[in-house]
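Student: target-v5.pdb (PDB, C-alpha atoms and all ligand atoms) pasted underneath:
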ATOM      1  CA  MET A   1     -16.640  13.333 -70.666
ATOM      2  CA  GLY A   2     -13.748  15.060 -68.928
ATOM      3  CA  PRO A   3     -10.475  14.610 -67.045
ATOM      4  CA  ILE A   4      -9.870  13.831 -63.370
ATOM      5  CA  GLY A   5      -8.905  17.047 -61.545
ATOM      6  CA  ILE A   6      -6.251  16.975 -58.836
ATOM      7  CA  PHE A   7      -5.804  19.977 -56.588
ATOM      8  CA  ASP A   8      -3.203  21.039 -54.058
ATOM      9  CA  SER A   9      -2.093  24.308 -52.484
ATOM     10  CA  GLY A  10       1.222  23.897 -54.302
ATOM     11  CA  PHE A  11       3.425  21.066 -55.502
ATOM     12  CA  GLY A  12       2.544  18.424 -52.895
ATOM     13  CA  GLY A  13      -0.414  17.013 -54.815
ATOM     14  CA  LEU A  14       2.030  16.001 -57.531
ATOM     15  CA  THR A  15       3.000  13.044 -55.300
ATOM     16  CA  ILE A  16      -0.669  12.010 -55.390
ATOM     17  CA  LEU A  17      -0.953  12.605 -59.142
ATOM     18  CA  ASP A  18       2.187  10.539 -59.661
ATOM     19  CA  GLY A  19       0.804   7.593 -57.660
ATOM     20  CA  ILE A  20      -2.534   7.756 -59.473
ATOM     21  CA  ARG A  21      -1.061   8.073 -62.961
ATOM     22  CA  LYS A  22       1.285   5.142 -62.376
ATOM     23  CA  ARG A  23      -1.664   2.937 -61.469
ATOM     24  CA  MET A  24      -4.195   4.385 -63.948
ATOM     25  CA  PRO A  25      -2.296   5.911 -66.889
ATOM     26  CA  GLN A  26      -5.276   5.592 -69.231
ATOM     27  CA  TYR A  27      -7.261   8.536 -67.796
ATOM     28  CA  ASP A  28      -6.856  12.224 -68.648
ATOM     29  CA  TYR A  29      -5.754  14.441 -65.745
ATOM     30  CA  VAL A  30      -5.668  18.128 -64.900
ATOM     31  CA  TYR A  31      -3.423  19.273 -62.044
ATOM     32  CA  LEU A  32      -4.045  22.604 -60.356
ATOM     33  CA  GLY A  33      -1.564  24.050 -57.848
ATOM     34  CA  ASP A  34      -2.512  27.244 -56.025
ATOM     35  CA  ASN A  35       1.188  28.068 -55.676
ATOM     36  CA  ALA A  36       0.561  31.810 -55.399
ATOM     37  CA  ARG A  37      -1.239  31.296 -52.081
ATOM     38  CA  ALA A  38       0.661  28.267 -50.695
ATOM     39  CA  PRO A  39       1.181  27.184 -47.992
ATOM     40  CA  TYR A  40      -2.346  26.589 -46.702
ATOM     41  CA  GLY A  41      -1.149  24.772 -43.567
ATOM     42  CA  THR A  42      -1.263  27.734 -41.201
ATOM     43  CA  ARG A  43      -4.385  29.382 -42.665
ATOM     44  CA  SER A  44      -7.787  29.450 -40.956
ATOM     45  CA  PHE A  45     -10.669  27.079 -41.716
ATOM     46  CA  ASP A  46     -12.648  29.782 -43.522
ATOM     47  CA  VAL A  47      -9.780  30.798 -45.778
ATOM     48  CA  VAL A  48      -8.800  27.223 -46.685
ATOM     49  CA  TYR A  49     -12.450  26.490 -47.467
ATOM     50  CA  GLU A  50     -12.799  29.597 -49.643
ATOM     51  CA  PHE A  51      -9.571  28.919 -51.592
ATOM     52  CA  THR A  52     -10.337  25.217 -52.018
ATOM     53  CA  LEU A  53     -13.855  25.914 -53.246
ATOM     54  CA  GLN A  54     -12.499  28.383 -55.819
ATOM     55  CA  ALA A  55     -10.125  25.702 -57.094
ATOM     56  CA  VAL A  56     -12.861  23.059 -57.232
ATOM     57  CA  LYS A  57     -15.129  25.438 -59.184
ATOM     58  CA  LYS A  58     -12.295  26.131 -61.625
ATOM     59  CA  LEU A  59     -11.674  22.422 -62.174
ATOM     60  CA  PHE A  60     -15.414  21.893 -62.768
ATOM     61  CA  GLU A  61     -15.347  24.790 -65.276
ATOM     62  CA  ILE A  62     -12.414  23.131 -67.072
ATOM     63  CA  GLY A  63     -14.651  20.071 -67.397
ATOM     64  CA  CYS A  64     -13.573  17.694 -64.589
ATOM     65  CA  PRO A  65     -16.534  15.661 -63.304
ATOM     66  CA  LEU A  66     -14.355  14.288 -60.491
ATOM     67  CA  VAL A  67     -11.902  16.258 -58.347
ATOM     68  CA  ILE A  68      -9.420  14.828 -55.850
ATOM     69  CA  LEU A  69      -8.196  17.171 -53.131
ATOM     70  CA  GLY A  70      -4.560  16.020 -53.189
ATOM     71  CA  CYS A  71      -3.972  18.082 -50.079
ATOM     72  CA  ASN A  72      -4.540  16.946 -46.500
ATOM     73  CA  THR A  73      -5.073  20.486 -45.253
ATOM     74  CA  ALA A  74      -7.845  21.109 -47.809
ATOM     75  CA  SER A  75      -9.295  17.642 -47.170
ATOM     76  CA  ALA A  76      -9.338  18.328 -43.422
ATOM     77  CA  LYS A  77     -10.801  21.806 -43.610
ATOM     78  CA  ALA A  78     -12.943  22.003 -46.737
ATOM     79  CA  LEU A  79     -13.973  18.585 -48.034
ATOM     80  CA  ARG A  80     -16.933  17.876 -45.781
ATOM     81  CA  THR A  81     -18.600  21.264 -46.395
ATOM     82  CA  ILE A  82     -18.034  20.983 -50.147
ATOM     83  CA  GLN A  83     -19.531  17.472 -50.194
ATOM     84  CA  GLN A  84     -22.432  18.224 -47.893
ATOM     85  CA  SER A  85     -23.364  21.790 -48.841
ATOM     86  CA  TYR A  86     -21.797  22.982 -52.082
ATOM     87  CA  LEU A  87     -22.203  19.926 -54.310
ATOM     88  CA  PRO A  88     -25.873  19.065 -53.631
ATOM     89  CA  ALA A  89     -26.946  22.649 -54.388
ATOM     90  CA  ASN A  90     -24.575  23.490 -57.223
ATOM     91  CA  ALA A  91     -23.087  20.445 -58.947
ATOM     92  CA  PRO A  92     -25.045  17.382 -57.828
ATOM     93  CA  ASP A  93     -23.576  15.101 -60.511
ATOM     94  CA  ASN A  94     -19.943  15.937 -59.792
ATOM     95  CA  ARG A  95     -17.829  14.429 -57.045
ATOM     96  CA  VAL A  96     -15.004  15.682 -54.816
ATOM     97  CA  LEU A  97     -12.880  13.182 -52.868
ATOM     98  CA  GLY A  98     -10.107  13.717 -50.311
ATOM     99  CA  VAL A  99      -6.985  11.944 -49.096
ATOM    100  CA  ILE A 100      -7.606  11.496 -45.370
ATOM    101  CA  ARG A 101     -10.186   8.728 -45.327
ATOM    102  CA  PRO A 102      -8.334   6.378 -47.724
ATOM    103  CA  THR A 103      -5.166   6.838 -45.645
ATOM    104  CA  ALA A 104      -7.022   6.251 -42.389
ATOM    105  CA  GLU A 105      -8.503   3.053 -43.846
ATOM    106  CA  VAL A 106      -5.120   1.609 -44.732
ATOM    107  CA  VAL A 107      -3.405   1.987 -41.339
ATOM    108  CA  GLY A 108      -5.769  -0.607 -39.895
ATOM    109  CA  LYS A 109      -3.915  -3.203 -41.974
ATOM    110  CA  LEU A 110      -0.423  -1.817 -41.324
ATOM    111  CA  SER A 111      -0.084  -1.209 -37.592
ATOM    112  CA  VAL A 112       0.596  -4.160 -35.304
ATOM    113  CA  THR A 113       0.896  -2.227 -32.017
ATOM    114  CA  ARG A 114      -2.249  -0.259 -32.987
ATOM    115  CA  HIS A 115      -0.424   2.955 -32.130
ATOM    116  CA  VAL A 116      -0.240   5.308 -35.095
ATOM    117  CA  GLY A 117       1.559   8.624 -35.532
ATOM    118  CA  VAL A 118       0.633  11.412 -37.938
ATOM    119  CA  LEU A 119       3.051  14.047 -39.230
ATOM    120  CA  ALA A 120       1.203  16.872 -40.978
ATOM    121  CA  THR A 121       0.660  20.606 -41.264
ATOM    122  CA  GLU A 122      -0.574  22.596 -38.310
ATOM    123  CA  GLY A 123      -4.036  22.864 -39.902
ATOM    124  CA  THR A 124      -4.410  19.121 -40.413
ATOM    125  CA  ILE A 125      -3.196  18.284 -36.888
ATOM    126  CA  ARG A 126      -5.395  20.956 -35.268
ATOM    127  CA  SER A 127      -8.464  19.708 -37.135
ATOM    128  CA  ASP A 128      -8.029  16.271 -35.474
ATOM    129  CA  SER A 129      -9.316  14.754 -38.733
ATOM    130  CA  TYR A 130      -6.931  11.786 -38.708
ATOM    131  CA  LYS A 131      -7.583  11.023 -35.059
ATOM    132  CA  MET A 132     -11.355  11.103 -35.528
ATOM    133  CA  GLU A 133     -11.325   9.131 -38.776
ATOM    134  CA  ILE A 134      -8.923   6.425 -37.519
ATOM    135  CA  GLU A 135     -10.664   6.010 -34.161
ATOM    136  CA  LYS A 136     -14.006   5.679 -35.978
ATOM    137  CA  LEU A 137     -12.721   3.123 -38.500
ATOM    138  CA  HIS A 138     -10.473   1.183 -36.084
ATOM    139  CA  PRO A 139     -11.847   1.392 -32.539
ATOM    140  CA  GLY A 140      -9.144   0.968 -29.891
ATOM    141  CA  MET A 141      -6.375   2.395 -32.042
ATOM    142  CA  THR A 142      -4.298   5.180 -30.481
ATOM    143  CA  VAL A 143      -3.384   8.177 -32.645
ATOM    144  CA  VAL A 144      -0.833  10.903 -31.892
ATOM    145  CA  GLY A 145      -0.051  13.815 -34.187
ATOM    146  CA  GLN A 146       2.769  16.292 -34.638
ATOM    147  CA  ALA A 147       2.629  19.475 -36.701
ATOM    148  CA  CYS A 148       5.771  20.176 -38.750
ATOM    149  CA  PRO A 149       5.311  23.785 -39.895
ATOM    150  CA  MET A 150       8.778  24.041 -41.478
ATOM    151  CA  TRP A 151       8.527  20.974 -43.707
ATOM    152  CA  VAL A 152       6.335  22.429 -46.478
ATOM    153  CA  PRO A 153       8.465  25.581 -46.842
ATOM    154  CA  LEU A 154      11.577  23.362 -47.077
ATOM    155  CA  VAL A 155       9.986  21.467 -49.950
ATOM    156  CA  GLU A 156       8.446  24.493 -51.698
ATOM    157  CA  ASN A 157      11.855  26.223 -51.590
ATOM    158  CA  ASN A 158      13.830  23.223 -52.855
ATOM    159  CA  GLU A 159      15.716  22.942 -49.558
ATOM    160  CA  TYR A 160      14.371  19.484 -48.741
ATOM    161  CA  ASP A 161      17.581  17.605 -49.563
ATOM    162  CA  LYS A 162      19.993  20.163 -48.076
ATOM    163  CA  PRO A 163      21.740  19.677 -44.675
ATOM    164  CA  GLY A 164      19.632  22.456 -43.096
ATOM    165  CA  ALA A 165      16.531  20.300 -43.472
ATOM    166  CA  ASP A 166      17.955  17.618 -41.149
ATOM    167  CA  TYR A 167      17.358  19.623 -37.989
ATOM    168  CA  PHE A 168      13.660  20.182 -38.703
ATOM    169  CA  VAL A 169      13.023  16.621 -39.871
ATOM    170  CA  LYS A 170      14.652  15.090 -36.789
ATOM    171  CA  ASP A 171      12.883  17.546 -34.507
ATOM    172  CA  GLY A 172       9.409  16.650 -35.899
ATOM    173  CA  ILE A 173      10.008  12.903 -35.598
ATOM    174  CA  ASP A 174      11.481  13.162 -32.084
ATOM    175  CA  LYS A 175       8.527  15.219 -30.893
ATOM    176  CA  LEU A 176       6.059  12.729 -32.367
ATOM    177  CA  LEU A 177       7.734   9.670 -30.839
ATOM    178  CA  ALA A 178       8.129  11.402 -27.461
ATOM    179  CA  GLN A 179       4.319  11.431 -27.290
ATOM    180  CA  ASP A 180       3.990   7.652 -27.697
ATOM    181  CA  SER A 181       6.867   5.181 -27.841
ATOM    182  CA  LEU A 182       4.573   2.369 -29.064
ATOM    183  CA  VAL A 183       3.988   3.991 -32.452
ATOM    184  CA  ASP A 184       4.917   1.503 -35.220
ATOM    185  CA  THR A 185       3.312   3.281 -38.194
ATOM    186  CA  ILE A 186       3.696   6.921 -39.215
ATOM    187  CA  ILE A 187       1.399   8.566 -41.741
ATOM    188  CA  LEU A 188       3.062  11.259 -43.819
ATOM    189  CA  GLY A 189      -0.134  13.283 -43.625
ATOM    190  CA  CYS A 190       0.929  16.036 -45.983
ATOM    191  CA  THR A 191       1.394  15.427 -49.680
ATOM    192  CA  HIS A 192       4.645  17.422 -49.703
ATOM    193  CA  TYR A 193       6.377  15.074 -47.256
ATOM    194  CA  PRO A 194       7.307  12.196 -49.613
ATOM    195  CA  LEU A 195      10.019  14.539 -50.930
ATOM    196  CA  LEU A 196      11.578  14.390 -47.446
ATOM    197  CA  LEU A 197      11.317  10.603 -47.282
ATOM    198  CA  ASP A 198      15.078   9.891 -47.362
ATOM    199  CA  LYS A 199      15.707  12.205 -44.434
ATOM    200  CA  ILE A 200      12.630  10.969 -42.550
ATOM    201  CA  ARG A 201      13.938   7.381 -42.891
ATOM    202  CA  LEU A 202      17.304   8.498 -41.554
ATOM    203  CA  TYR A 203      15.833   9.799 -38.292
ATOM    204  CA  CYS A 204      13.117   7.194 -37.759
ATOM    205  CA  PRO A 205      13.776   3.921 -35.910
ATOM    206  CA  GLU A 206      13.917   1.064 -38.420
ATOM    207  CA  ASN A 207      10.948  -0.816 -36.982
ATOM    208  CA  ILE A 208       8.588   2.022 -37.878
ATOM    209  CA  GLN A 209       6.704   1.845 -41.168
ATOM    210  CA  LEU A 210       6.269   5.088 -43.028
ATOM    211  CA  VAL A 211       3.095   5.659 -45.003
ATOM    212  CA  PRO A 212       3.393   8.076 -47.929
ATOM    213  CA  GLN A 213      -0.044   8.454 -49.488
ATOM    214  CA  GLY A 214       0.275   8.312 -53.303
ATOM    215  CA  LYS A 215       0.049   4.530 -53.711
ATOM    216  CA  TYR A 216      -2.869   4.166 -51.302
ATOM    217  CA  ILE A 217      -4.871   7.037 -52.779
ATOM    218  CA  ALA A 218      -4.403   5.454 -56.210
ATOM    219  CA  GLU A 219      -5.665   2.063 -54.973
ATOM    220  CA  SER A 220      -8.609   3.698 -53.289
ATOM    221  CA  LEU A 221      -9.530   5.719 -56.406
ATOM    222  CA  GLU A 222      -9.341   2.624 -58.582
ATOM    223  CA  ASP A 223     -11.658   0.842 -56.173
ATOM    224  CA  TYR A 224     -14.020   3.849 -56.128
ATOM    225  CA  LEU A 225     -14.244   3.925 -59.928
ATOM    226  CA  SER A 226     -14.882   0.183 -60.104
ATOM    227  CA  ARG A 227     -17.841   0.703 -57.746
ATOM    228  CA  HIS A 228     -19.081   3.896 -59.452
ATOM    229  CA  THR A 229     -19.186   2.953 -63.112
ATOM    230  CA  ASP A 230     -21.500   5.918 -63.844
ATOM    231  CA  MET A 231     -18.641   8.237 -62.868
ATOM    232  CA  ASP A 232     -16.055   6.112 -64.643
ATOM    233  CA  MET A 233     -18.041   6.453 -67.889
ATOM    234  CA  ARG A 234     -17.881  10.251 -67.578
ATOM    235  CA  LEU A 235     -14.059  10.252 -67.425
ATOM    236  CA  SER A 236     -12.109  10.649 -70.646
ATOM    237  CA  LYS A 237      -9.305   8.202 -71.263
ATOM    238  CA  GLY A 238      -6.655   9.678 -73.518
ATOM    239  CA  GLY A 239      -3.662   9.354 -71.156
ATOM    240  CA  THR A 240      -2.963  13.123 -71.089
ATOM    241  CA  CYS A 241      -2.068  15.450 -68.220
ATOM    242  CA  LYS A 242      -2.312  19.250 -68.122
ATOM    243  CA  TYR A 243      -0.811  21.445 -65.412
ATOM    244  CA  TYR A 244      -2.168  24.747 -64.154
ATOM    245  CA  THR A 245      -0.649  27.020 -61.532
ATOM    246  CA  THR A 246      -1.689  30.331 -59.989
ATOM    247  CA  GLU A 247       2.007  31.407 -59.830
ATOM    248  CA  SER A 248       4.622  31.899 -62.520
ATOM    249  CA  THR A 249       4.902  28.996 -64.937
ATOM    250  CA  ASP A 250       8.711  29.098 -64.853
ATOM    251  CA  LYS A 251       8.849  28.306 -61.157
ATOM    252  CA  PHE A 252       6.144  25.651 -61.508
ATOM    253  CA  THR A 253       7.895  23.936 -64.404
ATOM    254  CA  GLU A 254      11.212  23.857 -62.565
ATOM    255  CA  SER A 255       9.861  22.455 -59.295
ATOM    256  CA  ALA A 256       7.241  20.137 -60.807
ATOM    257  CA  SER A 257       9.959  18.546 -62.894
ATOM    258  CA  ILE A 258      11.823  17.702 -59.656
ATOM    259  CA  PHE A 259       8.694  16.163 -58.097
ATOM    260  CA  LEU A 260       7.828  14.097 -61.152
ATOM    261  CA  HIS A 261      11.344  13.387 -62.525
ATOM    262  CA  ASP A 262       9.962  14.526 -65.870
ATOM    263  CA  LYS A 263       9.667  17.779 -67.798
ATOM    264  CA  VAL A 264       6.238  19.408 -67.557
ATOM    265  CA  GLU A 265       4.668  22.388 -69.301
ATOM    266  CA  SER A 266       2.257  24.512 -67.285
ATOM    267  CA  GLU A 267      -0.236  27.307 -67.829
ATOM    268  CA  ARG A 268      -1.018  30.186 -65.480
ATOM    269  CA  ILE A 269      -4.565  30.455 -64.232
ATOM    270  CA  THR A 270      -6.464  32.798 -61.877
ATOM    271  CA  LEU A 271      -8.995  31.529 -59.363
TER     272      LEU A 271
HETATM  273  N1  LIG B 301       0.357  19.577 -49.296
HETATM  274  C1  LIG B 301      -0.643  20.029 -48.427
HETATM  275  C2  LIG B 301      -1.124  18.950 -47.470
HETATM  276  O1  LIG B 301      -1.163  17.837 -47.819
HETATM  277  C3  LIG B 301      -0.480  21.289 -47.669
HETATM  278  C4  LIG B 301       0.700  22.099 -47.776
HETATM  279  C5  LIG B 301       0.379  23.497 -47.343
HETATM  280  O2  LIG B 301      -0.082  24.232 -48.205
HETATM  281  O3  LIG B 301       0.604  23.839 -46.183
HETATM  282  O4  LIG B 301      -1.475  19.208 -46.356
END
Written as structure tokens, how would this file's structure read?
Ligand code: DGL
Tutor:
Amino acid sequence: MGPIGIFDSGFGGLTILDGIRKRMPQYDYVYLGDNARAPYGTRSFDVVYEFTLQAVKKLFEIGCPLVILGCNTASAKALRTIQQSYLPANAPDNRVLGVIRPTAEVVGKLSVTRHVGVLATEGTIRSDSYKMEIEKLHPGMTVVGQACPMWVPLVENNEYDKPGADYFVKDGIDKLLAQDSLVDTIILGCTHYPLLLDKIRLYCPENIQLVPQGKYIAESLEDYLSRHTDMDMRLSKGGTCKYYTTESTDKFTESASIFLHDKVESERITL
């Protein structure tokens, strides 16, 4: 038996961890942030795959039978190859899940106009993962996407609630809505973006629903575990959470405490 592993390039996956722990506090969790190499958003497919696979292997080594990629960029660029090639040959009993499909599933129930917008990193938007997934699950739905390359650095550098962030937030939203004025639902397709939620609300027309992912990923994971009781039985349930980072623990502790509104202790790890 082992904990559920949650991985992100940096701090963003903490918004996923938070949503999951609120809904399922009984499980043990391990969080791994590759802060030393974040952001992943502008990196190539090959590099994101290589880094993500290293993190997944590390979480398996720590004893996690199930790993969630709490990162849209890693889910878009690495998940499929890990599921289809790496796991069958190397860890057939373990599972790796991402955050794009559960989010794509939920917009079918949320959008009335059936026009959906996605705000995400350059890598996620370029991969077209949301567009493909949503159009497959909800035929006839229109999807437009806008890359916001400055948003992750604003969050990683604790500038997300400062006045300087307003320009970039407004700019991303304006560019998205200029592509399609019928959009009534916007996916925050990067796990860092919930930290910018107050500013995003400020610059978004009121009729538009914003979809941060934590709650929906938690619901989807709960549903997955109820359907895969063999996996559920392999997960330890002691209510603990451990944090690992590839960067300095001081910086991780300071920023993670802001994300989680709680003090966390972390350990440095190399991948
Ligand atoms: N938080 C990650 C995501 O959801 C990516 C941030 C990054 O490293 O660029 O896409």
Student: Please write the residues picked by the PyMOL selection byres (((not hetatm)) within 6 of (chain B and resi 301)) on this file as a ChimeraX atom specification.
Tutor: /A:9,12,38-41,71-73,121,152,190-192
Student: Which of these residues is nearest to Lys251 in chain A, using all atoms listed in the file: A:Gly239, A:Gly145, A:Gly10, A:Gly108?
Tutor: A:Gly10
Student: Skip range 175-179 of chain A itself and residues of its chain fewer than 4 positions away, then list as a list in words all residues within 9 Å of it, counting only C-alpha atoms.
Tutor: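 Surrounding residues, per the criterion: Gly117, Val118, Leu119, Val144, Gly145, Gln146, Ala147, Lys170, Asp171 and Val183 of chain A.
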Student: Distance cut-off 7 Å, centre (5.8, 13.3, -57.0) in file coordinates, counting all atoms listed in the file: which residues qualify? Return them as a PyMOL selection string.
Tutor: chain A and resi 14-16+18+259-260
Student: Output C-alpha atoms for every residue in that selection, as an mmCIF file, in the coordinates of the input.
Tutor:
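File produced: part22.cif:
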data_model
loop_
_atom_site.group_PDB
_atom_site.id
_atom_site.type_symbol
_atom_site.label_atom_id
_atom_site.label_comp_id
_atom_site.auth_asym_id
_atom_site.auth_seq_id
_atom_site.Cartn_x
_atom_site.Cartn_y
_atom_site.Cartn_z
ATOM 1 C CA LEU A 14 2.030 16.001 -57.531
ATOM 2 C CA THR A 15 3.000 13.044 -55.300
ATOM 3 C CA ILE A 16 -0.669 12.010 -55.390
ATOM 4 C CA ASP A 18 2.187 10.539 -59.661
ATOM 5 C CA PHE A 259 8.694 16.163 -58.097
ATOM 6 C CA LEU A 260 7.828 14.097 -61.152
#
Student: Applying 6 Å and all atoms listed in the file, which residues near Ile4 in chain A remain after dropping the ones on its own chain fewer than 3 positions away? List them as number ranges by chain.
Tutor: A: 29, 64, 66-67
Student: Have a look at CA of Asp180 in chain A and CA of Leu197 in chain A and let me know their distance in Å, one decimal.
Tutor: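 Separation between CA of Asp180 in chain A and CA of Leu197 in chain A: 21.1 Å.
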Student: If the PyMOL selection byres (((chain A and resi 212-221) around 6) and not hetatm) is run on the structure shown, which residues does it catch, given as a list in words?
Tutor: Thr15, Ile16, Gly19, Ile20, Leu188, Pro194, Val211, Glu222, Asp223 and Tyr224 of chain A
Student: May I ask for the distance between CA of Gln84 in chain A and CA of Val116 in chain A, given in Å to one decimal place?
Tutor: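 Value for the CA of Gln84 in chain A-CA of Val116 in chain A distance: 28.7 Å.
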Student: Just want the 12 Å neighbourhood of Ser44 in chain A, counted on only C-alpha atoms, with same-chain residues fewer than 2 positions away dropped. Output as a PDB file with C-alpha atoms, keeping the file's coordinate frame.
Tutor:
ATOM      1  CA  PRO A  39       1.181  27.184 -47.992  1.00  0.00           C
ATOM      2  CA  TYR A  40      -2.346  26.589 -46.702  1.00  0.00           C
ATOM      3  CA  GLY A  41      -1.149  24.772 -43.567  1.00  0.00           C
ATOM      4  CA  THR A  42      -1.263  27.734 -41.201  1.00  0.00           C
ATOM      5  CA  ASP A  46     -12.648  29.782 -43.522  1.00  0.00           C
ATOM      6  CA  VAL A  47      -9.780  30.798 -45.778  1.00  0.00           C
ATOM      7  CA  VAL A  48      -8.800  27.223 -46.685  1.00  0.00           C
ATOM      8  CA  TYR A  49     -12.450  26.490 -47.467  1.00  0.00           C
ATOM      9  CA  GLU A  50     -12.799  29.597 -49.643  1.00  0.00           C
ATOM     10  CA  PHE A  51      -9.571  28.919 -51.592  1.00  0.00           C
ATOM     11  CA  THR A  73      -5.073  20.486 -45.253  1.00  0.00           C
ATOM     12  CA  ALA A  74      -7.845  21.109 -47.809  1.00  0.00           C
ATOM     13  CA  ALA A  76      -9.338  18.328 -43.422  1.00  0.00           C
ATOM     14  CA  LYS A  77     -10.801  21.806 -43.610  1.00  0.00           C
ATOM     15  CA  ALA A  78     -12.943  22.003 -46.737  1.00  0.00           C
ATOM     16  CA  GLU A 122      -0.574  22.596 -38.310  1.00  0.00           C
ATOM     17  CA  GLY A 123      -4.036  22.864 -39.902  1.00  0.00           C
ATOM     18  CA  THR A 124      -4.410  19.121 -40.413  1.00  0.00           C
ATOM     19  CA  ARG A 126      -5.395  20.956 -35.268  1.00  0.00           C
ATOM     20  CA  SER A 127      -8.464  19.708 -37.135  1.00  0.00           C
TER      21      SER A 127
END
Student: CA of Glu247 in chain A to CA of Gly13 in chain A: how many Å, to one decimal?
Tutor: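 Interatomic distance, CA of Glu247 in chain A to CA of Gly13 in chain A: 15.4 Å.
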Student: Would you please work out which residue, of A:Asp93, A:Ala36, A:Asp128, A:Leu53, is nearest to Asp230 in chain A when using all atoms listed in the file?
Tutor: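 Result for the nearest residue to Asp230 in chain A: A:Asp93.
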Student: Between A:Phe168, A:Tyr203, A:Tyr160, A:Phe7, which is the closest to Gly70 in chain A once you count only C-alpha atoms?
Tutor: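 Of all the options, A:Phe7 lies closest to Gly70 in chain A.
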Student: Go through A:Leu225, A:Met24, A:Ile6, A:Leu110 and flag the residue nearest Ala55 in chain A, using only C-alpha atoms for the distances.
Tutor: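 Distance minimum relative to Ala55 in chain A lands on A:Ile6.
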Student: Carefully work through the PyMOL selection byres (((chain A and resi 31) around 7) and not hetatm) for this structure and note down the residues it includes, as a ChimeraX atom specification.
Tutor: /A:5-7,29-30,32-33,242-244
Student: If we count all atoms listed in the file and set the cut-off at 12 Å, which residues sit around range 157-159 of chain A, ignoring sequence neighbours fewer than 2 positions away in its own chain? Please answer as JSON, numbers by chain.
Tutor: {"A": [10, 11, 35, 38, 39, 150, 151, 152, 153, 154, 155, 161, 162, 163, 164, 165, 166, 168, 169, 192, 195, 196, 199, 251, 252, 254, 255, 256, 257, 258, 259]}
Student: Which one is closest to Asp250 in chain A: A:Glu267, A:Val112, A:Arg201, A:Leu87? Count only C-alpha atoms.
Tutor: A:Glu267
Student: Let me make sure I understand: among A:Asp28, A:Glu156, A:Asp34, A:Glu105, which one has the smallest atom-to-atom distance to Leu69 in chain A if we use all atoms listed in the file?
Tutor: A:Asp34
Student: Contacts of Ile100 in chain A at 8 Å or less, counting only C-alpha atoms, minus same-chain residues fewer than 4 places along, as a list in words?
Tutor: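 What passes the distance filter is Asn72, Ser75, Ala76, Ala104, Ser129, Tyr130, Glu133 and Gly189 of chain A.
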Student: Would you list the residues near (-6.4, 4.6, -36.1), meaning any protein, DNA or RNA residue with an atom at most 7 Å from that point in file coordinates, counting all atoms listed in the file, as a PyMOL selection string?
Tutor: chain A and resi 104+107-108+116+131+134-135+137-138+141-143
Student: Draw an axis-aligned box tight on the listed atoms of range 184-197 of chain A, then pad every side by 5 Å and write out centre and edge lengths in Å to one decimal as JSON.
Tutor:
{"center_x": 5.7, "center_y": 9.5, "center_z": -43.1, "size_x": 21.7, "size_y": 25.9, "size_z": 25.7}
